[in-house]
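Enquirer: Enclosed is the structure file query10.pdb (PDB, C-alpha atoms).
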ATOM      1  CA  MET A   1      97.404 149.001  90.323
ATOM      2  CA  ALA A   2      94.525 151.092  89.021
ATOM      3  CA  GLU A   3      96.545 154.297  88.854
ATOM      4  CA  GLN A   4      99.340 152.752  86.828
ATOM      5  CA  PRO A   5      99.013 153.112  83.098
ATOM      6  CA  ILE A   6      98.446 149.715  81.539
ATOM      7  CA  GLU A   7     101.593 148.750  79.747
ATOM      8  CA  PRO A   8     101.324 145.740  77.454
ATOM      9  CA  ILE A   9     105.097 145.447  77.006
ATOM     10  CA  HIS A  10     105.890 145.292  80.715
ATOM     11  CA  GLN A  11     105.358 141.520  80.852
ATOM     12  CA  PHE A  12     108.388 140.943  78.607
ATOM     13  CA  ARG A  13     110.864 142.854  80.787
ATOM     14  CA  ILE A  14     113.888 140.923  81.960
ATOM     15  CA  ASN A  15     114.845 141.344  85.612
ATOM     16  CA  ASN A  16     117.986 140.144  87.346
ATOM     17  CA  LEU A  17     117.025 137.773  90.142
ATOM     18  CA  PHE A  18     120.538 137.389  91.526
ATOM     19  CA  ASP A  19     123.941 138.321  90.183
ATOM     20  CA  ILE A  20     126.568 135.819  89.178
ATOM     21  CA  GLY A  21     129.380 138.282  88.553
ATOM     22  CA  THR A  22     131.224 140.295  85.949
ATOM     23  CA  PHE A  23     133.649 138.586  83.608
ATOM     24  CA  GLY A  24     136.390 140.268  81.631
ATOM     25  CA  GLY A  25     136.630 144.036  81.381
ATOM     26  CA  ASN A  26     139.102 146.236  83.220
ATOM     27  CA  GLY A  27     137.260 146.743  86.479
ATOM     28  CA  THR A  28     135.660 150.094  85.646
ATOM     29  CA  PRO A  29     131.852 150.132  85.835
ATOM     30  CA  GLY A  30     130.171 149.188  82.578
ATOM     31  CA  SER A  31     133.024 147.118  81.182
ATOM     32  CA  GLY A  32     133.116 143.375  80.812
ATOM     33  CA  THR A  33     130.208 140.979  80.583
ATOM     34  CA  HIS A  34     127.798 141.077  83.448
ATOM     35  CA  LEU A  35     126.062 137.779  84.084
ATOM     36  CA  ALA A  36     122.972 137.381  86.215
ATOM     37  CA  PHE A  37     120.299 134.786  86.789
ATOM     38  CA  THR A  38     117.251 136.450  85.212
ATOM     39  CA  ASN A  39     113.562 135.662  85.275
ATOM     40  CA  SER A  40     113.991 134.339  81.724
ATOM     41  CA  ALA A  41     116.646 131.910  82.951
ATOM     42  CA  LEU A  42     114.424 130.914  85.859
ATOM     43  CA  PHE A  43     111.605 129.944  83.517
ATOM     44  CA  MET A  44     113.969 128.087  81.206
ATOM     45  CA  VAL A  45     115.143 126.064  84.204
ATOM     46  CA  LEU A  46     111.526 125.473  85.262
ATOM     47  CA  THR A  47     110.627 124.394  81.702
ATOM     48  CA  VAL A  48     113.471 121.914  81.495
ATOM     49  CA  GLY A  49     112.726 120.706  85.018
ATOM     50  CA  LEU A  50     109.074 120.072  84.219
ATOM     51  CA  ILE A  51     109.929 118.196  81.000
ATOM     52  CA  MET A  52     112.463 116.059  82.836
ATOM     53  CA  ALA A  53     110.027 115.317  85.645
ATOM     54  CA  PHE A  54     107.318 114.433  83.115
ATOM     55  CA  LEU A  55     109.529 112.088  81.116
ATOM     56  CA  ILE A  56     111.326 110.468  84.057
ATOM     57  CA  LEU A  57     108.136 109.917  86.052
ATOM     58  CA  GLY A  58     106.316 108.692  82.963
ATOM     59  CA  SER A  59     108.959 106.218  81.867
ATOM     60  CA  SER A  60     110.111 104.936  85.268
ATOM     61  CA  ARG A  61     107.517 102.164  85.668
ATOM     62  CA  ARG A  62     107.762 100.616  82.181
ATOM     63  CA  ALA A  63     104.573  98.640  82.702
ATOM     64  CA  ILE A  64     103.118  96.635  79.827
ATOM     65  CA  VAL A  65      99.706  98.046  80.653
ATOM     66  CA  PRO A  66     100.654 101.717  80.931
ATOM     67  CA  THR A  67      99.390 104.069  83.564
ATOM     68  CA  ARG A  68      98.007 107.421  82.453
ATOM     69  CA  MET A  69     101.328 109.143  83.039
ATOM     70  CA  GLN A  70     103.220 106.527  81.044
ATOM     71  CA  LEU A  71     100.657 106.711  78.249
ATOM     72  CA  MET A  72     101.077 110.477  77.969
ATOM     73  CA  THR A  73     104.857 110.131  77.785
ATOM     74  CA  GLU A  74     104.638 107.393  75.176
ATOM     75  CA  MET A  75     102.156 109.405  73.145
ATOM     76  CA  SER A  76     104.449 112.419  73.056
ATOM     77  CA  TYR A  77     107.265 110.140  71.890
ATOM     78  CA  GLU A  78     105.138 108.418  69.232
ATOM     79  CA  PHE A  79     103.802 111.731  67.962
ATOM     80  CA  ILE A  80     107.226 113.236  67.314
ATOM     81  CA  ALA A  81     108.734 109.937  66.115
ATOM     82  CA  ASN A  82     106.004 109.527  63.483
ATOM     83  CA  MET A  83     106.416 113.110  62.380
ATOM     84  CA  VAL A  84     110.178 112.723  61.999
ATOM     85  CA  ARG A  85     109.762 109.476  60.028
ATOM     86  CA  ASN A  86     107.142 110.975  57.734
ATOM     87  CA  THR A  87     108.852 114.295  57.109
ATOM     88  CA  ALA A  88     112.599 113.623  57.296
ATOM     89  CA  GLY A  89     112.583 109.909  56.438
ATOM     90  CA  THR A  90     113.752 106.974  58.547
ATOM     91  CA  GLU A  91     117.329 108.264  58.448
ATOM     92  CA  GLY A  92     116.072 111.393  60.142
ATOM     93  CA  MET A  93     115.517 109.420  63.342
ATOM     94  CA  LYS A  94     119.173 110.159  64.089
ATOM     95  CA  PHE A  95     117.984 113.665  64.865
ATOM     96  CA  PHE A  96     114.992 112.562  66.914
ATOM     97  CA  PRO A  97     116.539 113.679  70.244
ATOM     98  CA  MET A  98     117.103 117.179  68.889
ATOM     99  CA  VAL A  99     113.638 117.530  67.364
ATOM    100  CA  PHE A 100     111.976 116.120  70.469
ATOM    101  CA  SER A 101     113.929 118.441  72.777
ATOM    102  CA  LEU A 102     113.101 121.478  70.660
ATOM    103  CA  PHE A 103     109.420 120.561  70.468
ATOM    104  CA  MET A 104     109.025 119.876  74.172
ATOM    105  CA  PHE A 105     110.987 122.977  75.173
ATOM    106  CA  ILE A 106     108.937 125.285  72.961
ATOM    107  CA  LEU A 107     105.640 123.636  73.879
ATOM    108  CA  VAL A 108     106.202 123.776  77.625
ATOM    109  CA  ALA A 109     107.683 127.275  77.481
ATOM    110  CA  ASN A 110     104.669 128.511  75.492
ATOM    111  CA  LEU A 111     102.209 126.856  77.848
ATOM    112  CA  PHE A 112     104.067 128.244  80.882
ATOM    113  CA  GLY A 113     103.544 131.654  79.358
ATOM    114  CA  MET A 114      99.783 131.173  79.541
ATOM    115  CA  PHE A 115      99.838 131.350  83.346
ATOM    116  CA  PRO A 116      99.167 134.860  84.652
ATOM    117  CA  TYR A 117     102.313 136.596  85.969
ATOM    118  CA  PHE A 118     104.555 133.996  84.321
ATOM    119  CA  PHE A 119     107.333 134.973  81.952
ATOM    120  CA  THR A 120     107.179 133.671  78.390
ATOM    121  CA  VAL A 121     110.626 132.519  77.347
ATOM    122  CA  THR A 122     109.796 132.204  73.641
ATOM    123  CA  SER A 123     108.611 135.819  73.403
ATOM    124  CA  HIS A 124     112.249 136.925  73.191
ATOM    125  CA  ILE A 125     113.739 136.791  69.730
ATOM    126  CA  ILE A 126     117.183 135.824  70.996
ATOM    127  CA  ILE A 127     115.810 132.492  72.252
ATOM    128  CA  THR A 128     113.996 131.618  69.025
ATOM    129  CA  THR A 129     116.921 132.820  66.900
ATOM    130  CA  MET A 130     119.374 130.633  68.755
ATOM    131  CA  MET A 131     117.122 127.610  68.278
ATOM    132  CA  ALA A 132     116.655 128.395  64.577
ATOM    133  CA  LEU A 133     120.410 128.878  64.111
ATOM    134  CA  LEU A 134     121.050 125.584  65.886
ATOM    135  CA  VAL A 135     118.875 123.852  63.293
ATOM    136  CA  PHE A 136     120.420 125.877  60.443
ATOM    137  CA  PHE A 137     124.006 124.981  61.351
ATOM    138  CA  THR A 138     123.059 121.369  62.065
ATOM    139  CA  VAL A 139     121.694 121.161  58.527
ATOM    140  CA  ILE A 140     124.809 122.725  56.989
ATOM    141  CA  ILE A 141     127.352 120.737  59.020
ATOM    142  CA  TYR A 142     125.551 117.408  58.722
ATOM    143  CA  GLY A 143     124.833 118.038  55.028
ATOM    144  CA  PHE A 144     128.525 118.529  54.246
ATOM    145  CA  TYR A 145     129.546 115.685  56.563
ATOM    146  CA  LYS A 146     127.116 113.229  54.978
ATOM    147  CA  ASN A 147     127.215 114.268  51.321
ATOM    148  CA  GLY A 148     130.475 116.146  50.942
ATOM    149  CA  PHE A 149     130.324 118.676  48.143
ATOM    150  CA  LYS A 150     127.258 116.964  46.705
ATOM    151  CA  PHE A 151     125.387 118.921  49.374
ATOM    152  CA  LEU A 152     125.785 121.962  47.114
ATOM    153  CA  LYS A 153     123.435 120.263  44.645
ATOM    154  CA  LEU A 154     120.758 121.595  46.958
ATOM    155  CA  PHE A 155     121.321 124.949  45.261
ATOM    156  CA  VAL A 156     121.359 123.607  41.702
ATOM    157  CA  PRO A 157     117.990 122.183  40.710
ATOM    158  CA  SER A 158     118.186 119.648  37.901
ATOM    159  CA  GLY A 159     116.764 120.322  34.449
ATOM    160  CA  ILE A 160     117.464 124.062  34.370
ATOM    161  CA  PRO A 161     118.830 125.570  31.120
ATOM    162  CA  ILE A 162     122.414 126.762  31.556
ATOM    163  CA  TYR A 163     121.712 130.400  30.656
ATOM    164  CA  ILE A 164     119.408 131.041  33.622
ATOM    165  CA  LEU A 165     121.294 128.753  36.017
ATOM    166  CA  PRO A 166     123.336 131.535  37.728
ATOM    167  CA  MET A 167     120.190 133.450  38.589
ATOM    168  CA  VAL A 168     118.390 130.354  39.843
ATOM    169  CA  VAL A 169     121.348 129.396  42.027
ATOM    170  CA  LEU A 170     121.395 132.899  43.514
ATOM    171  CA  ILE A 171     117.650 132.695  44.224
ATOM    172  CA  GLU A 172     118.091 129.284  45.844
ATOM    173  CA  ILE A 173     120.891 130.611  48.044
ATOM    174  CA  ILE A 174     118.769 133.548  49.202
ATOM    175  CA  SER A 175     115.892 131.167  49.820
ATOM    176  CA  PHE A 176     118.176 128.935  51.902
ATOM    177  CA  LEU A 177     119.589 131.829  53.900
ATOM    178  CA  SER A 178     116.114 133.155  54.657
ATOM    179  CA  ARG A 179     115.187 129.966  56.508
ATOM    180  CA  PRO A 180     116.525 130.747  59.986
ATOM    181  CA  LEU A 181     114.968 134.213  59.765
ATOM    182  CA  SER A 182     111.453 133.024  58.973
ATOM    183  CA  HIS A 183     111.890 130.027  61.281
ATOM    184  CA  SER A 184     112.662 132.200  64.305
ATOM    185  CA  LEU A 185     110.454 135.194  63.463
ATOM    186  CA  ARG A 186     107.327 133.058  63.154
ATOM    187  CA  LEU A 187     107.500 131.600  66.658
ATOM    188  CA  PHE A 188     108.619 134.885  68.235
ATOM    189  CA  GLY A 189     106.007 136.945  66.390
ATOM    190  CA  ASN A 190     103.089 134.682  67.177
ATOM    191  CA  ILE A 191     103.864 134.473  70.873
ATOM    192  CA  LEU A 192     104.715 138.166  71.291
ATOM    193  CA  ALA A 193     101.662 139.401  69.382
ATOM    194  CA  GLY A 194      99.313 137.011  71.168
ATOM    195  CA  HIS A 195     100.458 138.086  74.609
ATOM    196  CA  ILE A 196     100.302 141.791  73.752
ATOM    197  CA  VAL A 197      96.769 141.470  72.353
ATOM    198  CA  LEU A 198      95.625 139.583  75.453
ATOM    199  CA  LYS A 199      97.073 142.291  77.684
ATOM    200  CA  VAL A 200      95.467 145.074  75.630
ATOM    201  CA  PHE A 201      92.020 143.529  75.850
ATOM    202  CA  GLY A 202      92.507 142.852  79.560
ATOM    203  CA  GLY A 203      93.520 146.472  80.044
ATOM    204  CA  MET A 204      90.441 147.629  78.128
ATOM    205  CA  VAL A 205      88.201 145.773  80.580
ATOM    206  CA  VAL A 206      89.856 147.535  83.511
ATOM    207  CA  ALA A 207      89.674 150.945  81.811
ATOM    208  CA  LEU A 208      85.974 150.559  80.975
ATOM    209  CA  LEU A 209      85.089 149.321  84.472
ATOM    210  CA  GLY A 210      86.685 152.455  85.901
ATOM    211  CA  ALA A 211      84.607 154.738  83.642
ATOM    212  CA  GLY A 212      81.239 154.662  85.421
ATOM    213  CA  ALA A 213      78.290 153.765  83.203
ATOM    214  CA  TRP A 214      80.633 152.724  80.419
ATOM    215  CA  GLY A 215      81.451 149.711  82.596
ATOM    216  CA  PHE A 216      78.494 147.972  80.998
ATOM    217  CA  PHE A 217      80.414 147.691  77.737
ATOM    218  CA  SER A 218      83.386 146.006  79.392
ATOM    219  CA  ILE A 219      81.639 142.713  78.672
ATOM    220  CA  ALA A 220      82.759 143.017  75.027
ATOM    221  CA  PRO A 221      86.558 143.127  75.561
ATOM    222  CA  PHE A 222      86.127 140.603  78.369
ATOM    223  CA  GLY A 223      84.524 138.130  75.964
ATOM    224  CA  MET A 224      87.267 138.867  73.476
ATOM    225  CA  ALA A 225      89.959 138.172  76.101
ATOM    226  CA  VAL A 226      88.323 134.864  76.990
ATOM    227  CA  ALA A 227      88.141 133.824  73.339
ATOM    228  CA  LEU A 228      91.727 134.933  72.724
ATOM    229  CA  THR A 229      92.941 132.886  75.686
ATOM    230  CA  GLY A 230      91.562 129.791  73.978
ATOM    231  CA  LEU A 231      93.194 130.848  70.730
ATOM    232  CA  GLU A 232      96.518 131.394  72.495
ATOM    233  CA  PHE A 233      96.519 127.827  73.791
ATOM    234  CA  LEU A 234      96.017 126.680  70.206
ATOM    235  CA  VAL A 235      98.806 128.954  68.973
ATOM    236  CA  ALA A 236     101.142 127.761  71.746
ATOM    237  CA  ALA A 237     100.780 124.120  70.725
ATOM    238  CA  LEU A 238     100.619 124.802  66.992
ATOM    239  CA  GLN A 239     103.751 126.942  66.860
ATOM    240  CA  ALA A 240     105.743 124.299  68.735
ATOM    241  CA  PHE A 241     104.522 121.757  66.196
ATOM    242  CA  VAL A 242     105.263 124.012  63.216
ATOM    243  CA  PHE A 243     108.783 124.644  64.514
ATOM    244  CA  ALA A 244     109.376 120.896  64.831
ATOM    245  CA  VAL A 245     107.898 120.126  61.378
ATOM    246  CA  LEU A 246     110.066 122.750  59.706
ATOM    247  CA  THR A 247     113.115 121.403  61.539
ATOM    248  CA  CYS A 248     112.335 118.007  59.988
ATOM    249  CA  VAL A 249     111.809 119.520  56.533
ATOM    250  CA  TYR A 250     115.192 121.243  56.706
ATOM    251  CA  LEU A 251     116.866 118.080  58.011
ATOM    252  CA  HIS A 252     115.387 116.209  55.062
ATOM    253  CA  ASP A 253     117.321 118.568  52.774
ATOM    254  CA  ALA A 254     120.526 117.789  54.665
ATOM    255  CA  ILE A 255     120.005 114.037  54.315
ATOM    256  CA  HIS A 256     118.776 114.021  50.717
ATOM    257  CA  PRO A 257     120.047 117.111  48.888
ATOM    258  CA  GLY A 258     118.920 117.651  45.308
ATOM    259  CA  HIS A 259     115.500 116.121  45.993
TER     260      HIS A 259
ATOM    261  CA  MET B   1      95.545 131.656  60.336
ATOM    262  CA  SER B   2      98.819 129.884  61.074
ATOM    263  CA  ARG B   3      99.091 128.880  57.417
ATOM    264  CA  GLY B   4      98.716 132.468  56.326
ATOM    265  CA  LEU B   5     101.276 133.653  58.873
ATOM    266  CA  ARG B   6     103.674 130.949  57.755
ATOM    267  CA  LEU B   7     103.421 131.916  54.085
ATOM    268  CA  GLY B   8     103.721 135.590  54.944
ATOM    269  CA  SER B   9     106.842 135.133  57.037
ATOM    270  CA  GLU B  10     108.433 132.898  54.376
ATOM    271  CA  PHE B  11     107.910 135.617  51.783
ATOM    272  CA  VAL B  12     109.068 138.549  53.910
ATOM    273  CA  ALA B  13     112.129 136.734  55.265
ATOM    274  CA  ALA B  14     113.476 136.082  51.771
ATOM    275  CA  ILE B  15     113.091 139.753  50.837
ATOM    276  CA  PHE B  16     114.921 140.861  53.981
ATOM    277  CA  VAL B  17     117.750 138.419  53.383
ATOM    278  CA  GLY B  18     118.042 139.477  49.732
ATOM    279  CA  ALA B  19     118.156 143.151  50.648
ATOM    280  CA  GLY B  20     120.647 142.478  53.446
ATOM    281  CA  LEU B  21     122.972 140.541  51.183
ATOM    282  CA  GLY B  22     122.785 143.285  48.564
ATOM    283  CA  TYR B  23     123.592 145.915  51.184
ATOM    284  CA  ILE B  24     126.598 143.937  52.433
ATOM    285  CA  ILE B  25     127.899 143.437  48.888
ATOM    286  CA  ASP B  26     127.569 147.164  48.228
ATOM    287  CA  MET B  27     129.538 147.937  51.373
ATOM    288  CA  PHE B  28     132.570 146.004  50.121
ATOM    289  CA  LEU B  29     132.338 146.395  46.348
ATOM    290  CA  PRO B  30     132.115 149.653  44.359
ATOM    291  CA  THR B  31     128.747 148.712  42.905
ATOM    292  CA  ARG B  32     126.750 151.047  45.087
ATOM    293  CA  PRO B  33     123.129 151.020  44.257
ATOM    294  CA  TRP B  34     123.131 147.968  41.992
ATOM    295  CA  GLY B  35     123.909 145.175  44.438
ATOM    296  CA  LEU B  36     121.002 146.213  46.632
ATOM    297  CA  VAL B  37     118.636 146.667  43.681
ATOM    298  CA  VAL B  38     119.425 143.360  41.995
ATOM    299  CA  LEU B  39     119.499 141.270  45.164
ATOM    300  CA  LEU B  40     116.308 142.869  46.472
ATOM    301  CA  LEU B  41     114.541 141.769  43.279
ATOM    302  CA  LEU B  42     116.096 138.314  43.549
ATOM    303  CA  GLY B  43     114.881 138.293  47.145
ATOM    304  CA  PHE B  44     111.334 138.761  45.874
ATOM    305  CA  ALA B  45     111.867 135.825  43.523
ATOM    306  CA  ALA B  46     113.216 133.708  46.391
ATOM    307  CA  GLY B  47     110.213 134.704  48.474
ATOM    308  CA  VAL B  48     107.827 133.490  45.780
ATOM    309  CA  LEU B  49     109.860 130.277  45.576
ATOM    310  CA  ASN B  50     109.582 129.819  49.354
ATOM    311  CA  VAL B  51     105.827 130.352  49.247
ATOM    312  CA  VAL B  52     105.380 127.901  46.356
ATOM    313  CA  ARG B  53     107.423 125.262  48.196
ATOM    314  CA  ALA B  54     105.594 125.790  51.483
ATOM    315  CA  THR B  55     102.233 125.541  49.730
ATOM    316  CA  ALA B  56     103.251 122.384  47.887
ATOM    317  CA  GLN B  57     104.363 120.864  51.169
ATOM    318  CA  MET B  58     101.117 121.853  52.923
ATOM    319  CA  ASN B  59      99.082 120.401  50.062
ATOM    320  CA  ALA B  60     101.068 117.170  50.221
ATOM    321  CA  GLU B  61     100.331 116.897  53.947
ATOM    322  CA  THR B  62      96.575 117.220  53.495
ATOM    323  CA  ALA B  63      96.332 115.317  50.210
ATOM    324  CA  VAL B  64      93.685 112.630  49.843
ATOM    325  CA  PRO B  65      95.393 109.199  49.741
ATOM    326  CA  LYS B  66      95.402 107.599  46.308
ATOM    327  CA  ASP B  67      93.573 104.445  47.427
ATOM    328  CA  THR B  68      90.585 106.354  48.799
ATOM    329  CA  PRO B  69      87.401 104.949  47.207
ATOM    330  CA  ALA B  70      85.582 107.507  45.111
ATOM    331  CA  LEU B  71      82.434 108.948  46.587
ATOM    332  CA  PRO B  72      79.251 108.222  44.618
ATOM    333  CA  ASP B  73      77.958 111.324  42.895
ATOM    334  CA  ASP B  74      74.842 112.231  40.924
ATOM    335  CA  GLU B  75      76.108 110.964  37.595
ATOM    336  CA  ASP B  76      76.447 107.424  38.919
ATOM    337  CA  GLN B  77      72.718 107.016  39.250
TER     338      GLN B  77
END
Show me, as structure tokens, the structure contained in the file I just sent.
Expert:
Amino acid sequence: MAEQPIEPIHQFRINNLFDIGTFGGNGTPGSGTHLAFTNSALFMVLTVGLIMAFLILGSSRRAIVPTRMQLMTEMSYEFIANMVRNTAGTEGMKFFPMVFSLFMFILVANLFGMFPYFFTVTSHIIITTMMALLVFFTVIIYGFYKNGFKFLKLFVPSGIPIYILPMVVLIEIISFLSRPLSHSLRLFGNILAGHIVLKVFGGMVVALLGAGAWGFFSIAPFGMAVALTGLEFLVAALQAFVFAVLTCVYLHDAIHPGH
Amino acid sequence: MSRGLRLGSEFVAAIFVGAGLGYIIDMFLPTRPWGLVVLLLLGFAAGVLNVVRATAQMNAETAVPKDTPALPDDEDQ
């Protein structure tokens, strides 16, 4: 280990665990879509498995005086349900299953990433983008389904003089289209940057310890790594919450366009 | 810190989307630099709009409830 250069990006590499097969293509190497069960997929399965175990075990007893497990499950439900009611309105409870699934998936995936040698699913932009696009298209499809063409009032704020209306509508459209981008980049960026910084400080400790008398100073990056680990736990929970809150804010627009 | 990152990403995302839209329009219409220029500037405007909205929403979340009793201060004595 000591001879290898410390590579902070290595932890995000995707490896094929076992192959599923190649679909399509004409048989020559490199054509078609190659599918494999990767370490990313493994941790997604583990994440979903842990959430299911947590919820099924917690809700199986249904005691009036809850056990600790049941209390934790009920608290996670209450927390998200209150947030959805406050942010998206009571009608938003239709989307509670989606918001709850997104929140729990991101939270558990982020916390899984805090284990050493574990893969962090949410540090890949394709995962966060797909979740953000899911919310984006849910908002558009449900908005048109519920409100018809009145949904377009979202882009036309009331009380604007007619001569600057075209510009305002264009700005509103750009603002609307920028949502999935900022929604996905925020989660991805926070998780990626946090894990890289942790690795860099960890690597600094190793490098200083290997440099003779300089090893004394390795206490500084070590303290930094310890502090950052605490911060990363905060970021892991906070980013899951922020993603869920913004999902509710966007759903509120779909339910009540035109404010 | 998460508030700052949120506002920053809201602002930057709108600029990227504005520039991207302008670039796409220029690819299909003979308006070459102008689509990008105009939509990039509108992207800045949309970014400011995003930031204002996000801040208003954050302020609303942490607002003091209206029925909070006023704290006694020096002038009351």
Enquirer: What is the CA of Gly8 (chain B)-CA of Met167 (chain A) distance in Å, reported with one decimal?
Expert: 23.3 Å
Enquirer: Would you compute the distance between CA of Leu246 (chain A) and CA of Gln57 (chain B)? Give it in Å to one decimal.
Expert: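 Pair CA of Leu246 (chain A) / CA of Gln57 (chain B) returns 10.4 Å.
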Enquirer: Name every residue that the PyMOL selection byres ((chain B and resi 14) around 9) selects in this structure, writing the answer as a VMD selection string with chains first and numbers rising.
Expert: (chain A and resid 174 to 179 181 to 182) or (chain B and resid 9 to 13 15 to 19 42 to 48 50)
Enquirer: Skip region 28-45 of chain A itself and residues of its chain fewer than 2 positions away, then list as JSON, numbers by chain all residues within 7 Å of it, counting only C-alpha atoms.
Expert: {"A": [14, 15, 16, 17, 18, 19, 20, 21, 22, 23, 24, 25, 26, 47, 48, 49, 119, 121]}
Enquirer: So that I have them on file, write out the residues from the current selection with C-alpha atoms, as a PDB file, keeping the file's coordinate frame.
Expert:
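Output saved as part.pdb:
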ATOM      1  CA  ILE A  14     113.888 140.923  81.960  1.00  0.00           C
ATOM      2  CA  ASN A  15     114.845 141.344  85.612  1.00  0.00           C
ATOM      3  CA  ASN A  16     117.986 140.144  87.346  1.00  0.00           C
ATOM      4  CA  LEU A  17     117.025 137.773  90.142  1.00  0.00           C
ATOM      5  CA  PHE A  18     120.538 137.389  91.526  1.00  0.00           C
ATOM      6  CA  ASP A  19     123.941 138.321  90.183  1.00  0.00           C
ATOM      7  CA  ILE A  20     126.568 135.819  89.178  1.00  0.00           C
ATOM      8  CA  GLY A  21     129.380 138.282  88.553  1.00  0.00           C
ATOM      9  CA  THR A  22     131.224 140.295  85.949  1.00  0.00           C
ATOM     10  CA  PHE A  23     133.649 138.586  83.608  1.00  0.00           C
ATOM     11  CA  GLY A  24     136.390 140.268  81.631  1.00  0.00           C
ATOM     12  CA  GLY A  25     136.630 144.036  81.381  1.00  0.00           C
ATOM     13  CA  ASN A  26     139.102 146.236  83.220  1.00  0.00           C
ATOM     14  CA  THR A  47     110.627 124.394  81.702  1.00  0.00           C
ATOM     15  CA  VAL A  48     113.471 121.914  81.495  1.00  0.00           C
ATOM     16  CA  GLY A  49     112.726 120.706  85.018  1.00  0.00           C
ATOM     17  CA  PHE A 119     107.333 134.973  81.952  1.00  0.00           C
ATOM     18  CA  VAL A 121     110.626 132.519  77.347  1.00  0.00           C
TER      19      VAL A 121
END
Enquirer: Would you mind telling me which residue in B:Trp34, B:Leu40, B:Gly20, B:Asp74 lies nearest to Ile171 (chain A) when using all atoms listed in the file?
Expert: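 That would be B:Leu40, the residue with the smallest distance to Ile171 (chain A).
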Enquirer: Using all atoms listed in the file for the distances, tell me which of A:Gly148, A:Thr87, A:Val197, A:Gly210 is nearest to chain B.
Expert: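 Using all atoms listed in the file, the shortest distance to chain B belongs to A:Thr87.
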Enquirer: One number please: CA of Ile80 (chain A) to CA of Gln239 (chain A), in Å, one decimal.
Expert: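 Pair CA of Ile80 (chain A) / CA of Gln239 (chain A) returns 14.1 Å.
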Enquirer: I want to know what sits within 10 Å of Phe233 (chain A), based on all atoms listed in the file, with residues of the same chain fewer than 3 positions away left out; could you give that as a compact mmCIF listing (two decimals) with C-alpha atoms, in the frame of the given file?
Expert:
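Output file result-v6.txt follows:
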# COMPACT_ATOMS: atom_id res chain seq x y z
CA ASN A 110 104.67 128.51 75.49
CA LEU A 111 102.21 126.86 77.85
CA GLY A 113 103.54 131.65 79.36
CA MET A 114 99.78 131.17 79.54
CA GLY A 194 99.31 137.01 71.17
CA LEU A 228 91.73 134.93 72.72
CA THR A 229 92.94 132.89 75.69
CA GLY A 230 91.56 129.79 73.98
CA ALA A 236 101.14 127.76 71.75
CA ALA A 237 100.78 124.12 70.72
CA LEU A 238 100.62 124.80 66.99
Enquirer: Report as a list of chain:residue names all protein, DNA and RNA residues lying within 12 Å of region 61-66 of chain B, evaluated on all atoms listed in the file, omitting residues in the same chain fewer than 3 positions from it.
Expert: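 Skipping anything fewer than 3 positions along the chain leaves A:Met83, A:Asn86, A:Thr87, A:Val245, B:Ala54, B:Thr55, B:Ala56, B:Gln57, B:Met58, B:Pro69, B:Ala70.
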Enquirer: Around all the atoms of region 163-166 of chain A listed in the file, draw an axis-aligned box and extend it by 4 Å on each of the six sides; I want its centre and edge lengths in Å to one decimal, as AutoDock Vina command-line options.
Expert:
--center_x 121.4 --center_y 130.1 --center_z 34.2 --size_x 11.9 --size_y 10.8 --size_z 15.1
Enquirer: Could you list, as a ChimeraX atom specification, every residue within 9 Å of Leu133 (chain A), counting all atoms listed in the file and ignoring same-chain residues fewer than 5 positions away?
Expert: /A:128,138,180-181,184
Enquirer: Those same residues - C-alpha atoms - I'd like them written as a CSV table (one decimal), in the coordinates of the input.
Expert:
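Below is the file that was written, again.csv:
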chain,number,residue,atom,x,y,z
A,128,THR,CA,114.0,131.6,69.0
A,138,THR,CA,123.1,121.4,62.1
A,180,PRO,CA,116.5,130.7,60.0
A,181,LEU,CA,115.0,134.2,59.8
A,184,SER,CA,112.7,132.2,64.3
